Amino acid sequence: MKFIASPGGQLSGDIRVAGDKSISHRSIMLSSLAEGVTEVSGFLEGEDALATLNAFRAMGVQIDGPVDGKVTIQGVGLHGLKAPEGELYVGNSGTSMRLLAGIAAGQDFTVTMTGDVSLSKRPMERVAAPLRLMGVEVETQEGGRPPLVINGKGKLKAIHYDLPMASAQVKSCVLLAGLYAEGETSTTEPAPTRDHTERMLNGFGYPVAVEGATARLQGGGKLSAMHIDVPADISSAAFFMVAATITPGSQIILQHVGINPTRDGVINILRLMGADITLLNERVVGGEPVADIRVRSAELVGIDIPVEQVPLAIDEFPVLFVAAACAQGTTTLTGAEELRVKESDRIQAMADGLHILGVDAQPTDDGIVIQGRGAEEVVFGGGEIESHHDHRIAMSFAVAGLRASETITINGCDNVATSFPNFVALAQKAGFKLEQVD
Ligand SMILES: O=C(O)C1=C[C@@H](OP(=O)(O)O)[C@@H](O)[C@H](O)C1
Ligand SMILES: C=C(OP(=O)(O)O)C(=O)O
C-alpha cells in the first residue's frame with residue numbers, strides 16, 4: 001500500500017489518536033497473569049498490540065474483544081498459562097517478543113517466537129543475555145536474531161541487571177522474569193526509559209520499588225485484576241504535533257494523550273525548537289499522567305538535541321527530523337544509535353528520504369545533522385520515498401507533504417496498521433491532503 005501526500009493542507013479540530021501501544025501490550029500481559037477479570041478500554045486495535053493479545057490467547061487465556069477499544073481478560077494467575085500449540089508469531093512487534101520472553105522464561109514449557117522480515121533482523125541477544133543469567137536456556141539464530149526459543153524454567157534465579165543500553169523492553173523483560181524468581185530481581189538503567197511496566201505492576205497490586213535508576217521487585221507475589229484506561233499514544237500524537245507546528249495557520253487539540261515524563265521528549269524537544277504547545281486539563285488516569293494537547297503553528301529553529309531527551313523521544317525522531325528540516329538553522333542529534341535497530345535503520349531511512357526531497361541530512365553513527373530550510377516557504381520537493389515497511393517512516397513523510405511543492409509518494413505503508421490503523425482517516429479529517437492507494 002502507498003500513501004500519496006499532495007502539497008498543502010492546514011490542520012484544525014479536536015482529535016483523539018490511537019491508544020498507547022506500550023500500555024496496550026502491557027495491559028494484556030499483566031491482566032493475563034493476574035487473578036480475576038480485567039477490563040481494558042482505549043486499547044490499541046493495531047497489529048502489534050493484537051499480536052500480544054493473540055499470543056496470550058494461544059497460551060490459553062480467554063480474551064474477549066477488542067470491540068471499540070474494549071477488551072475483557074480472564075486472568076489465569078502467574079502460573080496458569082498453557083503451552084501454545086505452535087510457534088507464537090508476533091509480526092512486526094519488538095515489544096511483544098522482548099517482553100514475552102521474560103514471561104515465557106518463568107513457565108514450565110518452551111515458547112518459540114517468530115516475527116516478520118523486519119523483526120527477524122532485530123537484536124534479541126539483549127534479552128537472551130539476562131535471561132540466561134537467570135538460569136534459562138535461550139536459543140537465537142546467528143547474530144542473536146529471531147526466532148527466539150525460550151525453554152521456560154519455572155523457578156528462576158533472581159539477579160541484579162545493569163542494562164547495557166537504555167531500553168524499556170530489556171528492563172521490562174528482566175522485571176517480568178523476576179516475577180518468577182526466588183528473591184529480589186532488580187535493574188539499573190543508564191538513562192530513564194518508559195516506566196509503564198513498573199507503574200502497571202503497582203496498579204495490579206504488585207509492588208515495584210523505584211529509586212533513582214533502579215527498579216526492584218520480589219518474586220512469587222500475585223497480581224490482582226483492575227480496570228485499565230489506555231490513554232492516546234503520544235508517539236502517534238507526535239505526527240499531528242509536528243504537522244500543526246510546521247503548517248502556518250494551524251491549530252489542533254489532541255485529546256487524552258499520555259504525557260508520562262518518561263515519554264514526553266517530543267514535547268520538550270519541539271518546545272526547545274520554538275513550538276507552541278500547551279497542555280490542558282492535566283490529570284492522572286489509572287496511574288498515568290494524561291492531558292489534552294493544543295498545538296499552534298510556529299516558526300522553528302534548529303537545535304542540538306539534548307542527549308538526555310533521546311530515550312524519552314526514541315520513537316518520535318523520524319517525525320522530529322521532518323520538524324528539523326522545517327526549522328531555521330542546523331539540528332544535530334547524537335546518542336541515538338538505538339534508532340539503527342528499530343523496525344528499520346531509522347537514521348538511514350530518514351536521511352535517504354530527506355535527500356530525495358531536497359534536504360541536506362547527514363547521517364552519523366549515532367544520529368544525524370539536518371540543515372533546516374525553514375527560511376524557505378516550501379521546504380520539501382516531491383518524489384518517491386521508501387518507508388522500508390516502517391510505520392513511523394511512512395507517517396513522517398506523510399507529514400512532510402504539508403510543506404512540499406510537489407506530490408510525495410511513500411511506498412510500503414501497510415505497517416502503519418501496526419501502531420496507528422486509522423492514521424489516514426484522522427489525518428484527512430484534521431486537514432492533510434493524504435490518500436492511500438493499494
Ligand atoms: O517498552 C516499550 O513498550 C518500548 C520501548 C522502546 O524500545 P527499546 O526498549 O528497544 O528502546 C520503544 O522504541 C518501543 O516502541 C516500545
Ligand atoms: C520501535 C517500535 O516498536 P517495537 O520495538 O515494539 O517494534 C516503534 O513502535 O517505534
# chains A, B, ... in the order shown; residues from 1 in each chain; ligands from 1

$ residues_around --residues "range 40-45 of chain A" --least-positions-apart "6" --cutoff "9 Å" --atoms "only C-alpha atoms" --output "CSV table (one decimal) with N, CA and C atoms, in the first residue's frame"
chain,number,residue,atom,x,y,z
A,18,ALA,N,-4.9,7.1,18.2
A,18,ALA,CA,-5.0,5.7,18.6
A,18,ALA,C,-4.4,5.5,20.0
A,19,GLY,N,-4.8,4.4,20.7
A,19,GLY,CA,-4.4,4.0,22.0
A,19,GLY,C,-2.9,3.8,22.1
A,20,ASP,N,-2.4,4.0,23.3
A,20,ASP,CA,-0.9,3.8,23.5
A,20,ASP,C,-0.5,2.4,23.3
A,21,LYS,N,0.5,2.2,22.4
A,21,LYS,CA,0.9,0.8,22.1
A,21,LYS,C,1.6,0.2,23.2
A,23,ILE,N,1.4,0.7,26.4
A,23,ILE,CA,0.4,0.4,27.5
A,23,ILE,C,-0.5,-0.7,27.1
A,24,SER,N,-0.9,-0.7,25.9
A,24,SER,CA,-1.8,-1.8,25.4
A,24,SER,C,-1.2,-3.2,25.5
A,25,HIS,N,0.1,-3.3,25.1
A,25,HIS,CA,0.8,-4.6,25.2
A,25,HIS,C,0.8,-5.0,26.7
A,27,SER,N,-1.1,-4.1,29.1
A,27,SER,CA,-2.4,-4.4,29.7
A,27,SER,C,-2.8,-5.8,29.4
A,28,ILE,N,-2.5,-6.4,28.3
A,28,ILE,CA,-2.8,-7.8,28.0
A,28,ILE,C,-1.9,-8.7,28.8
A,66,PRO,N,-10.9,-7.1,20.9
A,66,PRO,CA,-11.4,-5.8,21.2
A,66,PRO,C,-12.6,-5.4,20.4
A,67,VAL,N,-13.5,-4.7,21.1
A,67,VAL,CA,-14.7,-4.1,20.4
A,67,VAL,C,-14.7,-2.6,20.8
A,68,ASP,N,-14.5,-1.7,19.9
A,68,ASP,CA,-14.5,-0.3,20.2
A,68,ASP,C,-13.4,0.0,21.3
A,69,GLY,N,-12.3,-0.7,21.2
A,69,GLY,CA,-11.2,-0.4,22.2
A,69,GLY,C,-11.4,-1.1,23.5
A,70,LYS,N,-12.5,-1.9,23.7
A,70,LYS,CA,-12.7,-2.6,25.0
A,70,LYS,C,-12.3,-4.0,24.9
A,71,VAL,N,-11.6,-4.5,25.9
A,71,VAL,CA,-11.1,-5.9,25.9
A,71,VAL,C,-11.4,-6.4,27.3
A,72,THR,N,-11.8,-7.6,27.4
A,72,THR,CA,-12.0,-8.3,28.7
A,72,THR,C,-11.1,-9.5,28.8
A,73,ILE,N,-10.3,-9.5,29.9
A,73,ILE,CA,-9.3,-10.6,30.0
A,73,ILE,C,-9.6,-11.4,31.3
A,226,MET,N,-7.7,-5.4,37.6
A,226,MET,CA,-8.1,-4.0,37.8
A,226,MET,C,-8.7,-3.5,36.4
A,227,HIS,N,-9.2,-2.2,36.4
A,227,HIS,CA,-9.7,-1.6,35.2
A,227,HIS,C,-8.5,-0.8,34.6
A,228,ILE,N,-8.3,-0.9,33.3
A,228,ILE,CA,-7.2,-0.1,32.7
A,228,ILE,C,-7.8,0.8,31.6
A,229,ASP,N,-7.6,2.1,31.7
A,229,ASP,CA,-8.0,3.1,30.7
A,229,ASP,C,-6.7,3.5,29.9
A,230,VAL,N,-6.6,3.0,28.7
A,230,VAL,CA,-5.3,3.3,28.0
A,230,VAL,C,-5.5,4.7,27.3
A,231,PRO,N,-4.5,5.6,27.6
A,231,PRO,CA,-4.6,6.9,27.0
A,231,PRO,C,-4.2,6.9,25.5
A,232,ALA,N,-4.4,7.9,24.8
A,232,ALA,CA,-4.0,8.0,23.4
A,232,ALA,C,-2.4,8.1,23.4
A,233,ASP,N,-1.8,7.6,22.4
A,233,ASP,CA,-0.4,7.4,22.3
A,233,ASP,C,0.3,8.7,21.9
A,417,ALA,N,-0.5,0.1,10.0
A,417,ALA,CA,-1.6,-0.6,10.8
A,417,ALA,C,-1.0,-1.2,12.1
A,418,THR,N,0.3,-1.3,12.3
A,418,THR,CA,0.8,-1.9,13.5
A,418,THR,C,0.6,-1.0,14.7
A,419,SER,N,0.7,0.4,14.5
A,419,SER,CA,0.6,1.3,15.6
A,419,SER,C,-0.6,2.3,15.5
A,420,PHE,N,-1.0,2.5,14.2
A,420,PHE,CA,-2.0,3.6,14.1
A,420,PHE,C,-2.9,3.3,12.9
A,421,PRO,N,-3.8,2.3,13.1
A,421,PRO,CA,-4.6,1.9,12.0
A,421,PRO,C,-5.5,2.9,11.3

$ residues_near_ligand --ligand "ligand 1" --cutoff "7 Å" --atoms "only C-alpha atoms and all ligand atoms" --output "mmCIF file with N, CA and C atoms, in the first residue's frame"
data_model
loop_
_atom_site.group_PDB
_atom_site.id
_atom_site.type_symbol
_atom_site.label_atom_id
_atom_site.label_comp_id
_atom_site.auth_asym_id
_atom_site.auth_seq_id
_atom_site.Cartn_x
_atom_site.Cartn_y
_atom_site.Cartn_z
ATOM 1 N N LYS A 21 0.476 2.203 22.441
ATOM 2 C CA LYS A 21 0.904 0.843 22.071
ATOM 3 C C LYS A 21 1.615 0.172 23.244
ATOM 4 N N SER A 22 2.527 0.895 23.894
ATOM 5 C CA SER A 22 3.273 0.277 25.006
ATOM 6 C C SER A 22 2.329 -0.148 26.132
ATOM 7 N N THR A 95 8.304 -5.138 20.956
ATOM 8 C CA THR A 95 7.841 -5.139 22.348
ATOM 9 C C THR A 95 7.222 -6.486 22.701
ATOM 10 N N ALA A 166 19.911 1.979 27.135
ATOM 11 C CA ALA A 166 18.645 2.489 27.681
ATOM 12 C C ALA A 166 17.505 1.833 26.908
ATOM 13 N N SER A 167 16.936 0.772 27.471
ATOM 14 C CA SER A 167 15.858 0.053 26.782
ATOM 15 C C SER A 167 14.790 -0.382 27.763
ATOM 16 N N ALA A 168 13.590 0.155 27.566
ATOM 17 C CA ALA A 168 12.464 -0.238 28.420
ATOM 18 C C ALA A 168 12.059 -1.682 28.152
ATOM 19 N N GLN A 169 12.332 -2.156 26.934
ATOM 20 C CA GLN A 169 11.956 -3.543 26.627
ATOM 21 C C GLN A 169 12.837 -4.510 27.404
ATOM 22 N N VAL A 170 14.141 -4.217 27.486
ATOM 23 C CA VAL A 170 15.040 -5.105 28.225
ATOM 24 C C VAL A 170 14.725 -5.022 29.725
ATOM 25 N N SER A 172 11.918 -4.272 31.116
ATOM 26 C CA SER A 172 10.637 -4.940 31.382
ATOM 27 C C SER A 172 10.776 -6.447 31.319
ATOM 28 N N ARG A 194 10.910 4.490 29.437
ATOM 29 C CA ARG A 194 9.478 4.441 29.791
ATOM 30 C C ARG A 194 9.236 3.458 30.935
ATOM 31 N N PRO A 311 16.237 8.987 24.995
ATOM 32 C CA PRO A 311 15.363 7.842 25.285
ATOM 33 C C PRO A 311 13.906 8.257 25.526
ATOM 34 N N ILE A 314 12.383 8.354 21.857
ATOM 35 C CA ILE A 314 13.090 7.440 20.950
ATOM 36 C C ILE A 314 12.275 7.099 19.698
ATOM 37 N N ASP A 315 10.958 6.995 19.821
ATOM 38 C CA ASP A 315 10.155 6.622 18.645
ATOM 39 C C ASP A 315 9.711 7.833 17.827
ATOM 40 N N GLU A 338 20.463 3.630 18.956
ATOM 41 C CA GLU A 338 19.346 2.664 19.020
ATOM 42 C C GLU A 338 18.406 2.798 17.817
ATOM 43 N N LYS A 342 15.693 -0.316 15.006
ATOM 44 C CA LYS A 342 14.223 -0.335 15.142
ATOM 45 C C LYS A 342 13.633 -1.096 13.949
#

$ residues_around --residues "range 430-433 of chain A" --least-positions-apart "2" --cutoff "6 Å" --atoms "only C-alpha atoms" --output "PyMOL selection string"
chain A and resi 5-6+9-12+427-428

$ residues_around --residues "range 132-134 of chain A" --least-positions-apart "2" --cutoff "7 Å" --atoms "only C-alpha atoms" --output "ChimeraX atom specification"
/A:128-130,136-138,156-159

$ write_last_selection --atoms "N, CA and C atoms" --output "mmCIF file, in the first residue's frame"
data_model
loop_
_atom_site.group_PDB
_atom_site.id
_atom_site.type_symbol
_atom_site.label_atom_id
_atom_site.label_comp_id
_atom_site.auth_asym_id
_atom_site.auth_seq_id
_atom_site.Cartn_x
_atom_site.Cartn_y
_atom_site.Cartn_z
ATOM 1 N N ALA A 128 18.174 -12.193 25.661
ATOM 2 C CA ALA A 128 18.673 -13.557 25.915
ATOM 3 C C ALA A 128 19.733 -13.537 27.025
ATOM 4 N N ALA A 129 20.613 -12.521 27.006
ATOM 5 C CA ALA A 129 21.743 -12.498 27.961
ATOM 6 C C ALA A 129 21.257 -12.460 29.410
ATOM 7 N N PRO A 130 20.397 -11.508 29.821
ATOM 8 C CA PRO A 130 19.960 -11.528 31.224
ATOM 9 C C PRO A 130 19.131 -12.770 31.574
ATOM 10 N N VAL A 136 17.894 -19.569 32.489
ATOM 11 C CA VAL A 136 17.031 -20.068 31.412
ATOM 12 C C VAL A 136 17.880 -20.382 30.183
ATOM 13 N N GLU A 137 17.495 -21.474 29.504
ATOM 14 C CA GLU A 137 18.156 -21.784 28.234
ATOM 15 C C GLU A 137 17.431 -21.026 27.131
ATOM 16 N N VAL A 138 18.178 -20.195 26.409
ATOM 17 C CA VAL A 138 17.575 -19.368 25.364
ATOM 18 C C VAL A 138 18.321 -19.604 24.063
ATOM 19 N N LEU A 156 13.119 -19.170 38.604
ATOM 20 C CA LEU A 156 14.325 -18.536 38.076
ATOM 21 C C LEU A 156 15.217 -18.029 39.197
ATOM 22 N N LYS A 157 16.476 -17.763 38.832
ATOM 23 C CA LYS A 157 17.417 -17.140 39.768
ATOM 24 C C LYS A 157 17.203 -15.627 39.741
ATOM 25 N N ALA A 158 17.099 -15.025 40.902
ATOM 26 C CA ALA A 158 16.980 -13.556 40.933
ATOM 27 C C ALA A 158 18.332 -12.955 40.581
ATOM 28 N N ILE A 159 18.316 -11.840 39.861
ATOM 29 C CA ILE A 159 19.579 -11.175 39.531
ATOM 30 C C ILE A 159 19.437 -9.664 39.718
#

$ residues_around --residues "Leu434 in chain A" --least-positions-apart "6" --cutoff "10 Å" --atoms "only C-alpha atoms" --output "ChimeraX atom specification"
/A:3-9,398-399,401-402,407-409,424-425,427-428

$ select_by_dssp --residues "range 3-175 of chain A" --states "strand (DSSP E)" --output "mmCIF file with N, CA and C atoms, in the first residue's frame"
data_model
loop_
_atom_site.group_PDB
_atom_site.id
_atom_site.type_symbol
_atom_site.label_atom_id
_atom_site.label_comp_id
_atom_site.auth_asym_id
_atom_site.auth_seq_id
_atom_site.Cartn_x
_atom_site.Cartn_y
_atom_site.Cartn_z
ATOM 1 N N PHE A 3 1.119 5.677 0.251
ATOM 2 C CA PHE A 3 0.494 6.959 0.602
ATOM 3 C C PHE A 3 0.867 7.957 -0.496
ATOM 4 N N ILE A 4 -0.106 8.779 -0.863
ATOM 5 C CA ILE A 4 0.163 9.892 -1.773
ATOM 6 C C ILE A 4 -0.135 11.160 -0.979
ATOM 7 N N ALA A 5 0.926 11.900 -0.670
ATOM 8 C CA ALA A 5 0.750 13.142 0.100
ATOM 9 C C ALA A 5 0.833 14.301 -0.893
ATOM 10 N N SER A 6 -0.294 14.980 -1.097
ATOM 11 C CA SER A 6 -0.308 16.130 -2.005
ATOM 12 C C SER A 6 0.108 17.372 -1.240
ATOM 13 N N PRO A 7 0.712 18.322 -1.933
ATOM 14 C CA PRO A 7 1.191 19.515 -1.230
ATOM 15 C C PRO A 7 0.045 20.306 -0.601
ATOM 16 N N GLY A 8 0.368 20.997 0.457
ATOM 17 C CA GLY A 8 -0.591 21.907 1.086
ATOM 18 C C GLY A 8 -1.409 21.230 2.168
ATOM 19 N N GLY A 9 -2.457 21.951 2.611
ATOM 20 C CA GLY A 9 -3.276 21.481 3.724
ATOM 21 C C GLY A 9 -2.998 22.336 4.948
ATOM 22 N N ASP A 14 -10.372 18.938 16.828
ATOM 23 C CA ASP A 14 -10.055 18.154 18.031
ATOM 24 C C ASP A 14 -10.003 16.698 17.612
ATOM 25 N N ILE A 15 -8.931 15.995 17.872
ATOM 26 C CA ILE A 15 -8.930 14.572 17.519
ATOM 27 C C ILE A 15 -8.343 13.735 18.654
ATOM 28 N N GLU A 35 -5.023 -12.375 38.870
ATOM 29 C CA GLU A 35 -6.165 -13.176 39.331
ATOM 30 C C GLU A 35 -7.387 -12.306 39.209
ATOM 31 N N GLY A 36 -8.401 -12.787 38.501
ATOM 32 C CA GLY A 36 -9.632 -12.020 38.317
ATOM 33 C C GLY A 36 -9.770 -11.499 36.892
ATOM 34 N N VAL A 37 -10.861 -10.736 36.687
ATOM 35 C CA VAL A 37 -11.209 -10.274 35.342
ATOM 36 C C VAL A 37 -10.820 -8.800 35.205
ATOM 37 N N THR A 38 -10.037 -8.513 34.172
ATOM 38 C CA THR A 38 -9.628 -7.124 33.921
ATOM 39 C C THR A 38 -10.353 -6.595 32.694
ATOM 40 N N GLU A 39 -10.845 -5.362 32.798
ATOM 41 C CA GLU A 39 -11.427 -4.712 31.627
ATOM 42 C C GLU A 39 -10.501 -3.593 31.198
ATOM 43 N N VAL A 40 -10.233 -3.572 29.902
ATOM 44 C CA VAL A 40 -9.370 -2.537 29.344
ATOM 45 C C VAL A 40 -10.212 -1.691 28.398
ATOM 46 N N SER A 41 -10.067 -0.368 28.484
ATOM 47 C CA SER A 41 -10.699 0.486 27.477
ATOM 48 C C SER A 41 -9.614 1.340 26.824
ATOM 49 N N GLN A 62 -8.543 -16.631 28.144
ATOM 50 C CA GLN A 62 -9.765 -16.205 27.456
ATOM 51 C C GLN A 62 -9.809 -14.679 27.400
ATOM 52 N N ILE A 63 -9.835 -14.165 26.186
ATOM 53 C CA ILE A 63 -9.821 -12.715 25.986
ATOM 54 C C ILE A 63 -10.951 -12.365 25.034
ATOM 55 N N ASP A 64 -11.867 -11.496 25.463
ATOM 56 C CA ASP A 64 -12.971 -11.071 24.596
ATOM 57 C C ASP A 64 -12.689 -9.672 24.091
ATOM 58 N N GLY A 65 -12.946 -9.473 22.803
ATOM 59 C CA GLY A 65 -12.689 -8.183 22.186
ATOM 60 C C GLY A 65 -11.444 -8.252 21.339
ATOM 61 N N PRO A 66 -10.930 -7.122 20.888
ATOM 62 C CA PRO A 66 -11.404 -5.773 21.191
ATOM 63 C C PRO A 66 -12.642 -5.388 20.376
ATOM 64 N N VAL A 67 -13.549 -4.687 21.059
ATOM 65 C CA VAL A 67 -14.695 -4.075 20.407
ATOM 66 C C VAL A 67 -14.680 -2.618 20.841
ATOM 67 N N LYS A 70 -12.504 -1.900 23.692
ATOM 68 C CA LYS A 70 -12.739 -2.577 24.975
ATOM 69 C C LYS A 70 -12.318 -4.047 24.867
ATOM 70 N N VAL A 71 -11.568 -4.491 25.873
ATOM 71 C CA VAL A 71 -11.107 -5.878 25.923
ATOM 72 C C VAL A 71 -11.351 -6.394 27.327
ATOM 73 N N THR A 72 -11.820 -7.644 27.427
ATOM 74 C CA THR A 72 -12.009 -8.262 28.741
ATOM 75 C C THR A 72 -11.108 -9.490 28.820
ATOM 76 N N ILE A 73 -10.311 -9.548 29.871
ATOM 77 C CA ILE A 73 -9.318 -10.615 30.009
ATOM 78 C C ILE A 73 -9.616 -11.405 31.285
ATOM 79 N N GLN A 74 -9.743 -12.724 31.141
ATOM 80 C CA GLN A 74 -9.955 -13.606 32.300
ATOM 81 C C GLN A 74 -8.564 -14.044 32.761
ATOM 82 N N GLY A 75 -8.050 -13.374 33.768
ATOM 83 C CA GLY A 75 -6.688 -13.675 34.230
ATOM 84 C C GLY A 75 -6.554 -15.120 34.683
ATOM 85 N N VAL A 76 -5.384 -15.710 34.439
ATOM 86 C CA VAL A 76 -5.165 -17.108 34.840
ATOM 87 C C VAL A 76 -4.168 -17.212 35.998
ATOM 88 N N LEU A 88 4.740 -18.873 18.421
ATOM 89 C CA LEU A 88 3.999 -17.614 18.581
ATOM 90 C C LEU A 88 4.560 -16.637 17.555
ATOM 91 N N TYR A 89 3.709 -16.225 16.619
ATOM 92 C CA TYR A 89 4.126 -15.276 15.583
ATOM 93 C C TYR A 89 3.724 -13.880 16.060
ATOM 94 N N THR A 110 8.193 -24.718 26.709
ATOM 95 C CA THR A 110 9.038 -23.983 25.748
ATOM 96 C C THR A 110 8.177 -23.104 24.860
ATOM 97 N N VAL A 111 8.642 -21.895 24.627
ATOM 98 C CA VAL A 111 7.950 -20.972 23.719
ATOM 99 C C VAL A 111 8.923 -20.592 22.607
ATOM 100 N N THR A 112 8.445 -20.723 21.374
ATOM 101 C CA THR A 112 9.236 -20.276 20.212
ATOM 102 C C THR A 112 8.522 -19.092 19.598
ATOM 103 N N MET A 113 9.245 -17.974 19.454
ATOM 104 C CA MET A 113 8.624 -16.769 18.894
ATOM 105 C C MET A 113 9.274 -16.410 17.572
ATOM 106 N N THR A 114 8.423 -16.099 16.599
ATOM 107 C CA THR A 114 8.897 -15.688 15.274
ATOM 108 C C THR A 114 8.298 -14.327 14.941
ATOM 109 N N GLU A 137 17.495 -21.474 29.504
ATOM 110 C CA GLU A 137 18.156 -21.784 28.234
ATOM 111 C C GLU A 137 17.431 -21.026 27.131
ATOM 112 N N VAL A 138 18.178 -20.195 26.409
ATOM 113 C CA VAL A 138 17.575 -19.368 25.364
ATOM 114 C C VAL A 138 18.321 -19.604 24.063
ATOM 115 N N GLU A 139 17.575 -19.826 22.998
ATOM 116 C CA GLU A 139 18.221 -20.010 21.691
ATOM 117 C C GLU A 139 17.810 -18.885 20.761
ATOM 118 N N THR A 140 18.794 -18.402 19.996
ATOM 119 C CA THR A 140 18.501 -17.431 18.936
ATOM 120 C C THR A 140 19.154 -17.935 17.657
ATOM 121 N N GLN A 141 18.870 -17.273 16.562
ATOM 122 C CA GLN A 141 19.598 -17.557 15.316
ATOM 123 C C GLN A 141 20.917 -16.808 15.364
ATOM 124 N N ARG A 145 19.522 -13.135 16.373
ATOM 125 C CA ARG A 145 18.259 -12.755 15.727
ATOM 126 C C ARG A 145 17.162 -13.775 16.020
ATOM 127 N N PRO A 146 15.888 -13.399 15.829
ATOM 128 C CA PRO A 146 14.787 -14.356 15.958
ATOM 129 C C PRO A 146 14.888 -15.428 14.862
ATOM 130 N N PRO A 147 14.165 -16.540 14.956
ATOM 131 C CA PRO A 147 13.286 -16.937 16.062
ATOM 132 C C PRO A 147 14.013 -17.030 17.404
ATOM 133 N N LEU A 148 13.229 -16.780 18.436
ATOM 134 C CA LEU A 148 13.737 -16.798 19.812
ATOM 135 C C LEU A 148 13.055 -17.974 20.514
ATOM 136 N N VAL A 149 13.864 -18.878 21.039
ATOM 137 C CA VAL A 149 13.300 -20.047 21.722
ATOM 138 C C VAL A 149 13.632 -19.925 23.203
ATOM 139 N N ILE A 150 12.586 -19.909 24.030
ATOM 140 C CA ILE A 150 12.771 -19.786 25.475
ATOM 141 C C ILE A 150 12.338 -21.111 26.096
ATOM 142 N N ASN A 151 13.312 -21.810 26.663
ATOM 143 C CA ASN A 151 12.974 -23.074 27.342
ATOM 144 C C ASN A 151 12.646 -22.741 28.789
ATOM 145 N N LEU A 156 13.119 -19.170 38.604
ATOM 146 C CA LEU A 156 14.325 -18.536 38.076
ATOM 147 C C LEU A 156 15.217 -18.029 39.197
ATOM 148 N N LYS A 157 16.476 -17.763 38.832
ATOM 149 C CA LYS A 157 17.417 -17.140 39.768
ATOM 150 C C LYS A 157 17.203 -15.627 39.741
ATOM 151 N N HIS A 160 20.601 -9.016 39.788
ATOM 152 C CA HIS A 160 20.607 -7.575 39.555
ATOM 153 C C HIS A 160 21.172 -7.390 38.160
ATOM 154 N N TYR A 161 20.512 -6.604 37.331
ATOM 155 C CA TYR A 161 20.999 -6.426 35.959
ATOM 156 C C TYR A 161 21.229 -4.959 35.660
ATOM 157 N N ASP A 162 22.495 -4.649 35.305
ATOM 158 C CA ASP A 162 22.841 -3.298 34.834
ATOM 159 C C ASP A 162 22.625 -3.275 33.338
#

$ decode --residues "range 71-83 of chain A" --atoms "N, CA and C atoms" --output "CSV table (one decimal), in the first residue's frame"
chain,number,residue,atom,x,y,z
A,71,VAL,N,-11.6,-4.5,25.9
A,71,VAL,CA,-11.1,-5.9,25.9
A,71,VAL,C,-11.4,-6.4,27.3
A,72,THR,N,-11.8,-7.6,27.4
A,72,THR,CA,-12.0,-8.3,28.7
A,72,THR,C,-11.1,-9.5,28.8
A,73,ILE,N,-10.3,-9.5,29.9
A,73,ILE,CA,-9.3,-10.6,30.0
A,73,ILE,C,-9.6,-11.4,31.3
A,74,GLN,N,-9.7,-12.7,31.1
A,74,GLN,CA,-10.0,-13.6,32.3
A,74,GLN,C,-8.6,-14.0,32.8
A,75,GLY,N,-8.0,-13.4,33.8
A,75,GLY,CA,-6.7,-13.7,34.2
A,75,GLY,C,-6.6,-15.1,34.7
A,76,VAL,N,-5.4,-15.7,34.4
A,76,VAL,CA,-5.2,-17.1,34.8
A,76,VAL,C,-4.2,-17.2,36.0
A,77,GLY,N,-3.7,-16.1,36.5
A,77,GLY,CA,-2.7,-16.1,37.6
A,77,GLY,C,-1.3,-16.3,37.0
A,78,LEU,N,-0.3,-16.1,37.9
A,78,LEU,CA,1.1,-16.2,37.4
A,78,LEU,C,1.5,-17.6,36.8
A,79,HIS,N,0.7,-18.6,37.3
A,79,HIS,CA,1.1,-20.0,36.9
A,79,HIS,C,0.1,-20.7,36.1
A,80,GLY,N,-0.8,-19.9,35.5
A,80,GLY,CA,-1.9,-20.6,34.8
A,80,GLY,C,-1.8,-20.6,33.2
A,81,LEU,N,-0.7,-20.1,32.7
A,81,LEU,CA,-0.6,-20.1,31.2
A,81,LEU,C,-0.3,-21.6,30.8
A,82,LYS,N,-0.8,-21.9,29.5
A,82,LYS,CA,-0.6,-23.2,29.0
A,82,LYS,C,0.4,-23.2,27.8
A,83,ALA,N,1.0,-24.3,27.5
A,83,ALA,CA,2.0,-24.3,26.4
A,83,ALA,C,1.2,-24.1,25.1
